[in-house]
Amino acid sequence: MLRLSTLFLRTLREDPSDAEVASHRLLVRAGYIRRAAPGGFTWLPLGWIVFRNVERIVREEMDREGFQEVHFPALLPREPFEISGRWTDYGDNLFRLKDRKGADMLLAPTHEEMFTLLVKDLYSSYKDLPLVIYQIQNKFRDEARPRAGLLRGREFTMKDSYSFDLDDEGLQASYDKHRVAYQRTFDRLGMPYVIVSAMSGAMGGSASEEFLAPLAVGEDTYVRCTTCDYAANTEAVQVAPPQVLPVADAPAAVVHETPDTPTIQTLVDLFNERADLRRPDRDWVAADTLKNLVVKLKHPDGTTTPLAIGVPGDRDVDMKRLEAQVSPAEIEAFTEADFAANPALVKGYIGPGVLGDEKASGIRYVVDPRIVEGTRWITGADQPGRHVADFTYGRDFVADVVIEAAEVHGGDPCPRCGSPLEIARGIEIGHIFQLGRKYAEALGLTVLDQNGKTRTVTMGSYGIGVSRAMAAIAEMNCDDKGLIWPRNISPADVHIDATGNPTDPQLPAAEALATECEAAGLRVMLDDRIGVSPGIKFNDAELIGVPTIV
RNA sequence: CGGGGUGUAGCGCAGCUUGGUUAGCGCGCCACGUUCGGGACGUGGAGGCCGGGAGUUCGAAUCUCCCCACCCCGACCA
């Protein structure tokens, strides 16, 4: 029984000034957590009870699938991360330190390398597979900007599991088991979630899905179909390409003088105003134009190459989507000096006529999937002050490759059923990912198959942000008075408030009721504080958020 | 890393522009008394290196410079 007369708890009457989002504000105010370090929190008794409830449910659902729990150190040597390349790839986000001998160490941001090496250490036969092992452990990431309390800290608790299989079918089965286990876990935690595609299927076989808590304060943007069950992170949205049109139907491309048309809008206006350019059936719109943007890709080895992206004029290039497609390369701006070095590019009037590996510029040209054979575009004529109309894909120009990099708009058609998509925000609370053989190959994890042949193991990695999930639940289950926990993770089932004069009969009655509730198997929180006014007790009860208050 | 804001008692804040007795207020905390169903009241207390350092000055919470921390926006985020 939790007795408020002795519980290590101090609720705050006012909101802490440094907390912005509801979960942070209320968890601090109701005495669940205290800030202890930049991006780090101390768990107080109430907070720790709830945290362990969340952790317990996660663990039970892992165990139910037969996954086995292990536990690694968080303090690790450099070598495994050197081999996988992540000592460099992780950059500033990695906490690095040296031991007394000067050897490089790190605080683990995640444990793919260690799990892979552990299995390599102990297993060597196909008979040992499949295997899934997991841990629940604190992770460390030196975030540039920790924020929102537990939602984004620099030390946080994550359940991470890893599957090891001989072949793709096995990996798929391990992945599916996790997907089901995650659904059950989040259901039991009493939280709404959406499962979104996290990586374009066109990128290769590796499937990846995120579990997002739909929250406006979340940092991920995703789309959801208003009719079917399609949902995807904006980075992974795949545009449904329009129908291919017969190239022969397209009128010949004509170059027009188009002075003073620095923007898409001015260009469209000009085409609508000039009698010789007007369209008979309807007005020209921005989507009739083809906008070409040039950037530089900075590759991990330090070299840069230019890249031209063509998108319909009614949308911008979404840098996050683009970056997701070209990863691990990074995007840099195309400078005046770069224009000078590429004379074929006429700034403001870049058109596909000179773009492409085989063309005058020699610059790789990627286009949005909406640009298909037979589509006709108003676009730059690669001459100052001139645009070309009816420039037709498949006849007048082609791209080197198709890329998903254009902005996604609310109302865009669902790639699966064509209904409008809606855009929403969420926070990632789980991620399931078919890693494939990347780490197994890098670290040499192989087994012998039935024929005595060496086979590289294929892996999956699966994470649940335990502390973050708790914060997300708090975020979704509160009102202006305080928290309202789902019963499964609440610090108690019932909160009994004993009010009145110390000599009144309420106190012994409350004690008796509390004892009775406990005997009936309920977890009880009893406010047995003497000399505390009823208003304070009621407000504290509503702040603390046990679902039933007596 | 860029822009903005804030650091004064456990919490929330005033004071700073225009330097000047002992640095204030509310809540919380301690003691006694009165209260006792929606954050009660009285009386008396405890609690501060005014984020840190260096300067200017007879004198600095207040002015100047440097540093640190926190919050917000952006960049970044396996």
# chains A, B, ... in the order shown; residues from 1 in each chain; ligands from 1
$ closest_atom_pairs --of "chain A" --to "chain B" --cutoff "9 Å" --atoms "only C-alpha atoms (C1' of nucleotides)" --output "tab-separated table"
residue	atom	partner	partner_atom	distance
A:Leu12	CA	B:C11	C1'	6.6
A:Arg13	CA	B:C27	C1'	7.3
A:Glu14	CA	B:G12	C1'	6.4
A:Asp15	CA	B:G12	C1'	7.9
A:Pro16	CA	B:C11	C1'	7.5
A:Ser17	CA	B:G12	C1'	7.8
A:Asp18	CA	B:C71	C1'	5.5
A:Ala19	CA	B:C71	C1'	7.6
A:Glu20	CA	B:C71	C1'	8.2
A:Pro38	CA	B:C70	C1'	8.5
A:Tyr90	CA	B:A78	C1'	8.0
A:Asn93	CA	B:C77	C1'	8.4
A:Pro109	CA	B:A78	C1'	8.3
A:Thr110	CA	B:A78	C1'	7.8
A:Glu143	CA	B:C77	C1'	7.1
A:Ala144	CA	B:C76	C1'	6.9
A:Arg145	CA	B:C76	C1'	8.7
A:Arg147	CA	B:C71	C1'	8.9
A:Thr499	CA	B:G37	C1'	7.2
A:Gly500	CA	B:C36	C1'	5.4
A:Asn501	CA	B:C36	C1'	5.3
A:Pro502	CA	B:C36	C1'	8.7
A:Gly531	CA	B:C36	C1'	7.7
A:Val532	CA	B:C36	C1'	8.5
A:Ser533	CA	B:C36	C1'	6.5
A:Pro534	CA	B:G37	C1'	5.8
A:Gly535	CA	B:G38	C1'	4.1
A:Ile536	CA	B:G39	C1'	4.8
A:Lys537	CA	B:G39	C1'	8.5
A:Phe538	CA	B:G38	C1'	6.8
A:Asn539	CA	B:G39	C1'	7.1
$ select_by_dssp --residues "range 356-540 of chain A" --states "strand (DSSP E)" --output "ChimeraX atom specification"
/A:364-367,376-380,386-392,401-402,421-436,446-448,454-456,458-465,478-479,482-483,494-497,524-527
$ residues_around --residues "A9 in chain B" --least-positions-apart "5" --cutoff "12 Å" --atoms "only C-alpha atoms (C1' of nucleotides)" --output "PDB file with N, CA and C atoms (P, O5', C5', C4', C3', O3' and C1' of nucleotides), in the first residue's frame"
ATOM      1  P     A B  23      20.604  42.304   2.571  1.00  0.00           P
ATOM      2  O5'   A B  23      19.162  42.636   2.000  1.00  0.00           O
ATOM      3  C5'   A B  23      18.965  43.734   1.127  1.00  0.00           C
ATOM      4  C4'   A B  23      17.819  43.454   0.220  1.00  0.00           C
ATOM      5  C3'   A B  23      16.815  42.462   0.813  1.00  0.00           C
ATOM      6  O3'   A B  23      15.882  43.184   1.595  1.00  0.00           O
ATOM      7  C1'   A B  23      17.401  41.817  -1.404  1.00  0.00           C
ATOM      8  P     G B  24      14.921  42.443   2.588  1.00  0.00           P
ATOM      9  O5'   G B  24      13.638  42.573   1.678  1.00  0.00           O
ATOM     10  C5'   G B  24      12.634  41.603   1.694  1.00  0.00           C
ATOM     11  C4'   G B  24      11.665  41.972   0.611  1.00  0.00           C
ATOM     12  C3'   G B  24      10.542  40.979   0.451  1.00  0.00           C
ATOM     13  O3'   G B  24       9.491  41.269   1.350  1.00  0.00           O
ATOM     14  C1'   G B  24      11.533  41.366  -1.653  1.00  0.00           C
ATOM     15  P     G B  28       1.033  26.867   1.044  1.00  0.00           P
ATOM     16  O5'   G B  28       2.398  26.043   0.922  1.00  0.00           O
ATOM     17  C5'   G B  28       2.459  24.872   0.117  1.00  0.00           C
ATOM     18  C4'   G B  28       3.875  24.365   0.056  1.00  0.00           C
ATOM     19  C3'   G B  28       4.514  24.046   1.403  1.00  0.00           C
ATOM     20  O3'   G B  28       4.156  22.743   1.846  1.00  0.00           O
ATOM     21  C1'   G B  28       5.999  25.358   0.145  1.00  0.00           C
ATOM     22  P     C B  29       3.994  22.476   3.406  1.00  0.00           P
ATOM     23  O5'   C B  29       5.469  22.681   3.978  1.00  0.00           O
ATOM     24  C5'   C B  29       6.517  21.789   3.612  1.00  0.00           C
ATOM     25  C4'   C B  29       7.786  22.179   4.324  1.00  0.00           C
ATOM     26  C3'   C B  29       7.640  22.378   5.825  1.00  0.00           C
ATOM     27  O3'   C B  29       7.689  21.148   6.519  1.00  0.00           O
ATOM     28  C1'   C B  29       8.848  24.186   4.913  1.00  0.00           C
ATOM     29  P     A B  46      14.856  33.351  11.753  1.00  0.00           P
ATOM     30  O5'   A B  46      15.263  32.025  10.988  1.00  0.00           O
ATOM     31  C5'   A B  46      15.716  30.884  11.720  1.00  0.00           C
ATOM     32  C4'   A B  46      15.682  29.680  10.838  1.00  0.00           C
ATOM     33  C3'   A B  46      16.339  29.869   9.479  1.00  0.00           C
ATOM     34  O3'   A B  46      17.737  29.714   9.539  1.00  0.00           O
ATOM     35  C1'   A B  46      14.245  28.808   9.225  1.00  0.00           C
ATOM     36  P     G B  47      18.679  30.678   8.682  1.00  0.00           P
ATOM     37  O5'   G B  47      18.346  30.218   7.196  1.00  0.00           O
ATOM     38  C5'   G B  47      18.690  28.892   6.764  1.00  0.00           C
ATOM     39  C4'   G B  47      17.969  28.576   5.486  1.00  0.00           C
ATOM     40  C3'   G B  47      18.328  29.478   4.299  1.00  0.00           C
ATOM     41  O3'   G B  47      19.492  29.001   3.647  1.00  0.00           O
ATOM     42  C1'   G B  47      15.972  29.231   4.458  1.00  0.00           C
ATOM     43  P     G B  48      20.766  29.920   3.510  1.00  0.00           P
ATOM     44  O5'   G B  48      20.716  30.130   1.950  1.00  0.00           O
ATOM     45  C5'   G B  48      19.677  30.846   1.342  1.00  0.00           C
ATOM     46  C4'   G B  48      20.091  31.226  -0.041  1.00  0.00           C
ATOM     47  C3'   G B  48      21.526  31.739  -0.132  1.00  0.00           C
ATOM     48  O3'   G B  48      22.112  31.366  -1.374  1.00  0.00           O
ATOM     49  C1'   G B  48      19.991  33.484  -0.633  1.00  0.00           C
ATOM     50  P     C B  50      25.063  35.954  -4.184  1.00  0.00           P
ATOM     51  O5'   C B  50      23.933  36.059  -5.284  1.00  0.00           O
ATOM     52  C5'   C B  50      23.348  34.848  -5.801  1.00  0.00           C
ATOM     53  C4'   C B  50      22.225  35.233  -6.735  1.00  0.00           C
ATOM     54  C3'   C B  50      22.675  35.907  -8.031  1.00  0.00           C
ATOM     55  O3'   C B  50      21.798  35.479  -9.045  1.00  0.00           O
ATOM     56  C1'   C B  50      21.249  37.358  -6.856  1.00  0.00           C
TER      57        C B  50
END
$ atom_distance --atom1 "CA of Asp497 in chain A" --atom2 "CA of Glu518 in chain A"
15.1 Å
$ select_by_dssp --residues "range 96-233 of chain A" --states "helix (DSSP H, G or I)" --output "PyMOL selection string"
chain A and resi 112-122+126-128+149-151+168-188+201-203
$ write_last_selection --atoms "N, CA and C atoms" --output "short mmCIF file (atom, residue, chain, number, x, y, z; two decimals), in the first residue's frame"
data_model
loop_
_atom_site.label_atom_id
_atom_site.label_comp_id
_atom_site.auth_asym_id
_atom_site.auth_seq_id
_atom_site.Cartn_x
_atom_site.Cartn_y
_atom_site.Cartn_z
N GLU A 112 23.62 -3.36 -31.95
CA GLU A 112 23.69 -4.32 -33.06
C GLU A 112 25.02 -5.09 -33.05
N GLU A 113 26.11 -4.36 -32.92
CA GLU A 113 27.44 -4.98 -32.98
C GLU A 113 27.62 -6.02 -31.89
N MET A 114 27.23 -5.64 -30.66
CA MET A 114 27.49 -6.53 -29.53
C MET A 114 26.65 -7.80 -29.62
N PHE A 115 25.40 -7.66 -30.03
CA PHE A 115 24.56 -8.84 -30.19
C PHE A 115 25.12 -9.75 -31.27
N THR A 116 25.53 -9.14 -32.37
CA THR A 116 26.08 -9.93 -33.47
C THR A 116 27.32 -10.71 -33.01
N LEU A 117 28.19 -10.02 -32.30
CA LEU A 117 29.43 -10.66 -31.83
C LEU A 117 29.14 -11.74 -30.80
N LEU A 118 28.12 -11.52 -29.98
CA LEU A 118 27.79 -12.51 -28.97
C LEU A 118 27.33 -13.82 -29.61
N VAL A 119 26.49 -13.68 -30.63
CA VAL A 119 25.99 -14.87 -31.31
C VAL A 119 27.13 -15.55 -32.06
N LYS A 120 27.98 -14.75 -32.67
CA LYS A 120 29.15 -15.30 -33.36
C LYS A 120 30.03 -16.08 -32.38
N ASP A 121 30.14 -15.55 -31.19
CA ASP A 121 30.98 -16.15 -30.15
C ASP A 121 30.50 -17.55 -29.77
N LEU A 122 29.16 -17.72 -29.73
CA LEU A 122 28.62 -18.96 -29.16
C LEU A 122 28.04 -19.94 -30.18
N TYR A 126 23.47 -24.02 -38.30
CA TYR A 126 22.10 -23.66 -38.69
C TYR A 126 21.10 -24.23 -37.69
N LYS A 127 21.52 -25.30 -36.99
CA LYS A 127 20.60 -25.92 -36.04
C LYS A 127 20.31 -25.00 -34.86
N ASP A 128 21.21 -24.02 -34.64
CA ASP A 128 21.03 -23.10 -33.51
C ASP A 128 19.98 -22.03 -33.83
N GLY A 149 11.29 16.71 -21.98
CA GLY A 149 11.35 15.76 -20.88
C GLY A 149 11.79 14.39 -21.33
N LEU A 150 10.97 13.40 -21.02
CA LEU A 150 11.34 12.03 -21.35
C LEU A 150 11.21 11.72 -22.83
N LEU A 151 10.55 12.59 -23.58
CA LEU A 151 10.31 12.26 -24.99
C LEU A 151 11.60 12.26 -25.80
N ASP A 168 15.82 -15.57 -45.76
CA ASP A 168 14.87 -14.47 -45.79
C ASP A 168 13.51 -14.86 -45.21
N GLU A 169 13.10 -16.12 -45.45
CA GLU A 169 11.81 -16.55 -44.92
C GLU A 169 11.86 -16.52 -43.39
N GLY A 170 12.97 -16.98 -42.85
CA GLY A 170 13.12 -16.98 -41.40
C GLY A 170 13.09 -15.57 -40.85
N LEU A 171 13.79 -14.67 -41.54
CA LEU A 171 13.80 -13.27 -41.10
C LEU A 171 12.39 -12.71 -41.11
N GLN A 172 11.65 -13.01 -42.19
CA GLN A 172 10.28 -12.51 -42.28
C GLN A 172 9.45 -13.03 -41.11
N ALA A 173 9.65 -14.30 -40.76
CA ALA A 173 8.88 -14.89 -39.66
C ALA A 173 9.23 -14.20 -38.34
N SER A 174 10.52 -13.94 -38.11
CA SER A 174 10.94 -13.27 -36.88
C SER A 174 10.36 -11.86 -36.83
N TYR A 175 10.38 -11.22 -37.99
CA TYR A 175 9.85 -9.86 -38.10
C TYR A 175 8.35 -9.86 -37.77
N ASP A 176 7.64 -10.81 -38.36
CA ASP A 176 6.19 -10.88 -38.13
C ASP A 176 5.87 -11.15 -36.66
N LYS A 177 6.68 -12.00 -36.02
CA LYS A 177 6.46 -12.27 -34.60
C LYS A 177 6.61 -10.97 -33.78
N HIS A 178 7.61 -10.21 -34.13
CA HIS A 178 7.80 -8.95 -33.40
C HIS A 178 6.64 -7.99 -33.64
N ARG A 179 6.18 -7.97 -34.88
CA ARG A 179 5.09 -7.05 -35.21
C ARG A 179 3.88 -7.37 -34.33
N VAL A 180 3.57 -8.65 -34.23
CA VAL A 180 2.44 -9.07 -33.41
C VAL A 180 2.70 -8.77 -31.93
N ALA A 181 3.93 -9.06 -31.48
CA ALA A 181 4.27 -8.81 -30.07
C ALA A 181 4.16 -7.32 -29.75
N TYR A 182 4.56 -6.49 -30.69
CA TYR A 182 4.50 -5.04 -30.47
C TYR A 182 3.04 -4.58 -30.41
N GLN A 183 2.21 -5.13 -31.29
CA GLN A 183 0.81 -4.74 -31.26
C GLN A 183 0.19 -5.10 -29.90
N ARG A 184 0.49 -6.31 -29.45
CA ARG A 184 -0.04 -6.71 -28.15
C ARG A 184 0.49 -5.83 -27.03
N THR A 185 1.80 -5.52 -27.12
CA THR A 185 2.41 -4.69 -26.08
C THR A 185 1.73 -3.33 -25.99
N PHE A 186 1.59 -2.66 -27.11
CA PHE A 186 1.01 -1.32 -27.08
C PHE A 186 -0.47 -1.36 -26.74
N ASP A 187 -1.15 -2.44 -27.15
CA ASP A 187 -2.54 -2.59 -26.72
C ASP A 187 -2.63 -2.68 -25.21
N ARG A 188 -1.77 -3.51 -24.64
CA ARG A 188 -1.80 -3.67 -23.18
C ARG A 188 -1.40 -2.38 -22.46
N GLY A 201 9.98 0.57 -50.28
CA GLY A 201 10.21 -0.79 -50.73
C GLY A 201 11.10 -0.84 -51.96
N ALA A 202 11.12 0.24 -52.73
CA ALA A 202 11.92 0.29 -53.94
C ALA A 202 13.41 0.32 -53.64
N MET A 203 13.73 0.59 -52.39
CA MET A 203 15.13 0.72 -52.03
C MET A 203 15.82 -0.63 -51.90
#
$ closest_residue --among "A:Leu26, A:Leu2, A:Ala287, A:Val317" --to "Asp479 in chain A" --atoms "only C-alpha atoms"
A:Leu26
$ closest_residue --among "A:Val388, A:Leu322, A:Leu448, A:Ile549" --to "Ala498 in chain A" --atoms "only C-alpha atoms"
A:Ile549
$ residues_around --residues "A60 in chain B" --least-positions-apart "2" --cutoff "8 Å" --atoms "only C-alpha atoms (C1' of nucleotides)" --output "PDB file with N, CA and C atoms (P, O5', C5', C4', C3', O3' and C1' of nucleotides), in the first residue's frame"
ATOM      1  P     G B  19      22.225  54.419 -12.278  1.00  0.00           P
ATOM      2  O5'   G B  19      22.214  53.408 -11.068  1.00  0.00           O
ATOM      3  C5'   G B  19      21.598  52.134 -11.170  1.00  0.00           C
ATOM      4  C4'   G B  19      22.051  51.259 -10.021  1.00  0.00           C
ATOM      5  C3'   G B  19      21.932  51.935  -8.663  1.00  0.00           C
ATOM      6  O3'   G B  19      21.645  50.940  -7.690  1.00  0.00           O
ATOM      7  C1'   G B  19      24.198  51.418  -9.112  1.00  0.00           C
ATOM      8  P     U B  62      25.264  42.910 -10.977  1.00  0.00           P
ATOM      9  O5'   U B  62      24.076  43.866 -11.435  1.00  0.00           O
ATOM     10  C5'   U B  62      23.130  43.439 -12.415  1.00  0.00           C
ATOM     11  C4'   U B  62      22.118  44.519 -12.640  1.00  0.00           C
ATOM     12  C3'   U B  62      22.701  45.803 -13.225  1.00  0.00           C
ATOM     13  O3'   U B  62      21.809  46.352 -14.177  1.00  0.00           O
ATOM     14  C1'   U B  62      21.657  46.269 -11.145  1.00  0.00           C
ATOM     15  P     C B  63      22.112  46.033 -15.689  1.00  0.00           P
ATOM     16  O5'   C B  63      23.418  46.890 -15.984  1.00  0.00           O
ATOM     17  C5'   C B  63      23.328  48.248 -16.383  1.00  0.00           C
ATOM     18  C4'   C B  63      24.696  48.768 -16.743  1.00  0.00           C
ATOM     19  C3'   C B  63      25.587  47.789 -17.498  1.00  0.00           C
ATOM     20  O3'   C B  63      25.310  47.793 -18.892  1.00  0.00           O
ATOM     21  C1'   C B  63      26.819  48.729 -15.722  1.00  0.00           C
TER      22        C B  63
END
$ residues_around --residues "range 395-397 of chain A" --least-positions-apart "2" --cutoff "10 Å" --atoms "only C-alpha atoms (C1' of nucleotides)" --output "JSON, numbers by chain"
{"A": [247, 248, 250, 252, 253, 351, 352, 353, 354, 355, 356, 359, 373, 374, 375, 376, 390, 391, 392, 393, 399]}
$ write_last_selection --atoms "N, CA and C atoms" --output "mmCIF file, in the first residue's frame"
data_model
loop_
_atom_site.group_PDB
_atom_site.id
_atom_site.type_symbol
_atom_site.label_atom_id
_atom_site.label_comp_id
_atom_site.auth_asym_id
_atom_site.auth_seq_id
_atom_site.Cartn_x
_atom_site.Cartn_y
_atom_site.Cartn_z
ATOM 1 N N VAL A 247 3.268 9.176 -76.570
ATOM 2 C CA VAL A 247 4.144 10.297 -76.903
ATOM 3 C C VAL A 247 3.702 10.963 -78.198
ATOM 4 N N ALA A 248 3.180 10.176 -79.122
ATOM 5 C CA ALA A 248 2.806 10.693 -80.445
ATOM 6 C C ALA A 248 1.735 11.774 -80.356
ATOM 7 N N ALA A 250 1.604 14.186 -78.274
ATOM 8 C CA ALA A 250 2.102 15.464 -77.765
ATOM 9 C C ALA A 250 2.489 16.390 -78.909
ATOM 10 N N ALA A 252 4.546 19.384 -80.771
ATOM 11 C CA ALA A 252 5.989 19.618 -80.764
ATOM 12 C C ALA A 252 6.333 20.646 -79.694
ATOM 13 N N ALA A 253 7.481 20.462 -79.080
ATOM 14 C CA ALA A 253 7.932 21.398 -78.047
ATOM 15 C C ALA A 253 8.322 22.717 -78.702
ATOM 16 N N GLY A 351 16.593 23.463 -67.477
ATOM 17 C CA GLY A 351 15.612 22.528 -68.002
ATOM 18 C C GLY A 351 16.238 21.168 -68.192
ATOM 19 N N PRO A 352 15.391 20.162 -68.418
ATOM 20 C CA PRO A 352 15.899 18.800 -68.566
ATOM 21 C C PRO A 352 16.714 18.606 -69.836
ATOM 22 N N GLY A 353 16.667 19.592 -70.745
ATOM 23 C CA GLY A 353 17.366 19.447 -72.014
ATOM 24 C C GLY A 353 18.858 19.209 -71.855
ATOM 25 N N VAL A 354 19.423 19.750 -70.779
ATOM 26 C CA VAL A 354 20.862 19.593 -70.610
ATOM 27 C C VAL A 354 21.201 18.653 -69.458
ATOM 28 N N LEU A 355 20.166 18.140 -68.785
ATOM 29 C CA LEU A 355 20.419 17.344 -67.589
ATOM 30 C C LEU A 355 20.472 15.860 -67.911
ATOM 31 N N GLY A 356 21.250 15.143 -67.145
ATOM 32 C CA GLY A 356 21.374 13.703 -67.338
ATOM 33 C C GLY A 356 22.808 13.325 -67.599
ATOM 34 N N LYS A 359 23.883 13.945 -71.104
ATOM 35 C CA LYS A 359 23.610 15.248 -71.717
ATOM 36 C C LYS A 359 24.749 16.237 -71.512
ATOM 37 N N GLU A 373 6.277 8.771 -69.045
ATOM 38 C CA GLU A 373 6.295 8.872 -70.497
ATOM 39 C C GLU A 373 5.027 9.535 -71.019
ATOM 40 N N GLY A 374 5.223 10.486 -71.907
ATOM 41 C CA GLY A 374 4.095 11.146 -72.543
ATOM 42 C C GLY A 374 3.603 12.376 -71.808
ATOM 43 N N THR A 375 4.057 12.603 -70.566
ATOM 44 C CA THR A 375 3.626 13.814 -69.861
ATOM 45 C C THR A 375 4.363 15.019 -70.450
ATOM 46 N N ARG A 376 3.622 16.158 -70.526
ATOM 47 C CA ARG A 376 4.151 17.349 -71.206
ATOM 48 C C ARG A 376 4.323 18.462 -70.191
ATOM 49 N N ASP A 390 5.318 22.051 -73.764
ATOM 50 C CA ASP A 390 5.098 20.719 -74.365
ATOM 51 C C ASP A 390 6.370 19.906 -74.460
ATOM 52 N N PHE A 391 7.280 20.155 -73.515
ATOM 53 C CA PHE A 391 8.486 19.352 -73.432
ATOM 54 C C PHE A 391 8.057 17.999 -72.885
ATOM 55 N N THR A 392 8.216 16.977 -73.673
ATOM 56 C CA THR A 392 7.556 15.701 -73.408
ATOM 57 C C THR A 392 8.539 14.623 -72.981
ATOM 58 N N TYR A 393 8.175 13.987 -71.854
ATOM 59 C CA TYR A 393 9.048 12.939 -71.322
ATOM 60 C C TYR A 393 8.995 11.737 -72.248
ATOM 61 N N ALA A 399 15.041 10.956 -67.712
ATOM 62 C CA ALA A 399 15.826 11.085 -66.481
ATOM 63 C C ALA A 399 16.679 9.839 -66.304
#
$ atom_distance --atom1 "C1' of C13 in chain B" --atom2 "CA of Arg25 in chain A"
17.9 Å
$ residues_around --residues "Leu106 in chain A" --least-positions-apart "4" --cutoff "6 Å" --atoms "only C-alpha atoms (C1' of nucleotides)" --output "PyMOL selection string"
chain A and resi 75-76+95-97
$ write_last_selection --atoms "N, CA and C atoms" --output "PDB file, in the first residue's frame"
ATOM      1  N   LEU A  75      28.804   0.552 -21.287  1.00  0.00           N
ATOM      2  CA  LEU A  75      30.149   1.077 -21.529  1.00  0.00           C
ATOM      3  C   LEU A  75      30.915   0.061 -22.367  1.00  0.00           C
ATOM      4  N   LEU A  76      31.262   0.464 -23.597  1.00  0.00           N
ATOM      5  CA  LEU A  76      31.822  -0.492 -24.546  1.00  0.00           C
ATOM      6  C   LEU A  76      33.135   0.022 -25.145  1.00  0.00           C
ATOM      7  N   PHE A  95      28.494   9.321 -27.387  1.00  0.00           N
ATOM      8  CA  PHE A  95      29.257   9.720 -26.201  1.00  0.00           C
ATOM      9  C   PHE A  95      30.558   8.923 -26.205  1.00  0.00           C
ATOM     10  N   ARG A  96      31.663   9.611 -26.314  1.00  0.00           N
ATOM     11  CA  ARG A  96      32.975   8.941 -26.343  1.00  0.00           C
ATOM     12  C   ARG A  96      33.739   9.308 -25.103  1.00  0.00           C
ATOM     13  N   LEU A  97      34.541   8.361 -24.630  1.00  0.00           N
ATOM     14  CA  LEU A  97      35.400   8.653 -23.495  1.00  0.00           C
ATOM     15  C   LEU A  97      36.619   7.739 -23.557  1.00  0.00           C
TER      16      LEU A  97
END
$ closest_residue --among "A:Ala22, A:Leu4, A:Val294, A:Val447" --to "Asp480 in chain A" --atoms "only C-alpha atoms"
A:Ala22
$ atom_distance --atom1 "CA of Glu330 in chain A" --atom2 "CA of Leu293 in chain A"
15.6 Å
$ residues_around --residues "C66 in chain B" --least-positions-apart "5" --cutoff "12 Å" --atoms "only C-alpha atoms (C1' of nucleotides)" --output "PyMOL selection string"
chain B and resi 52-55
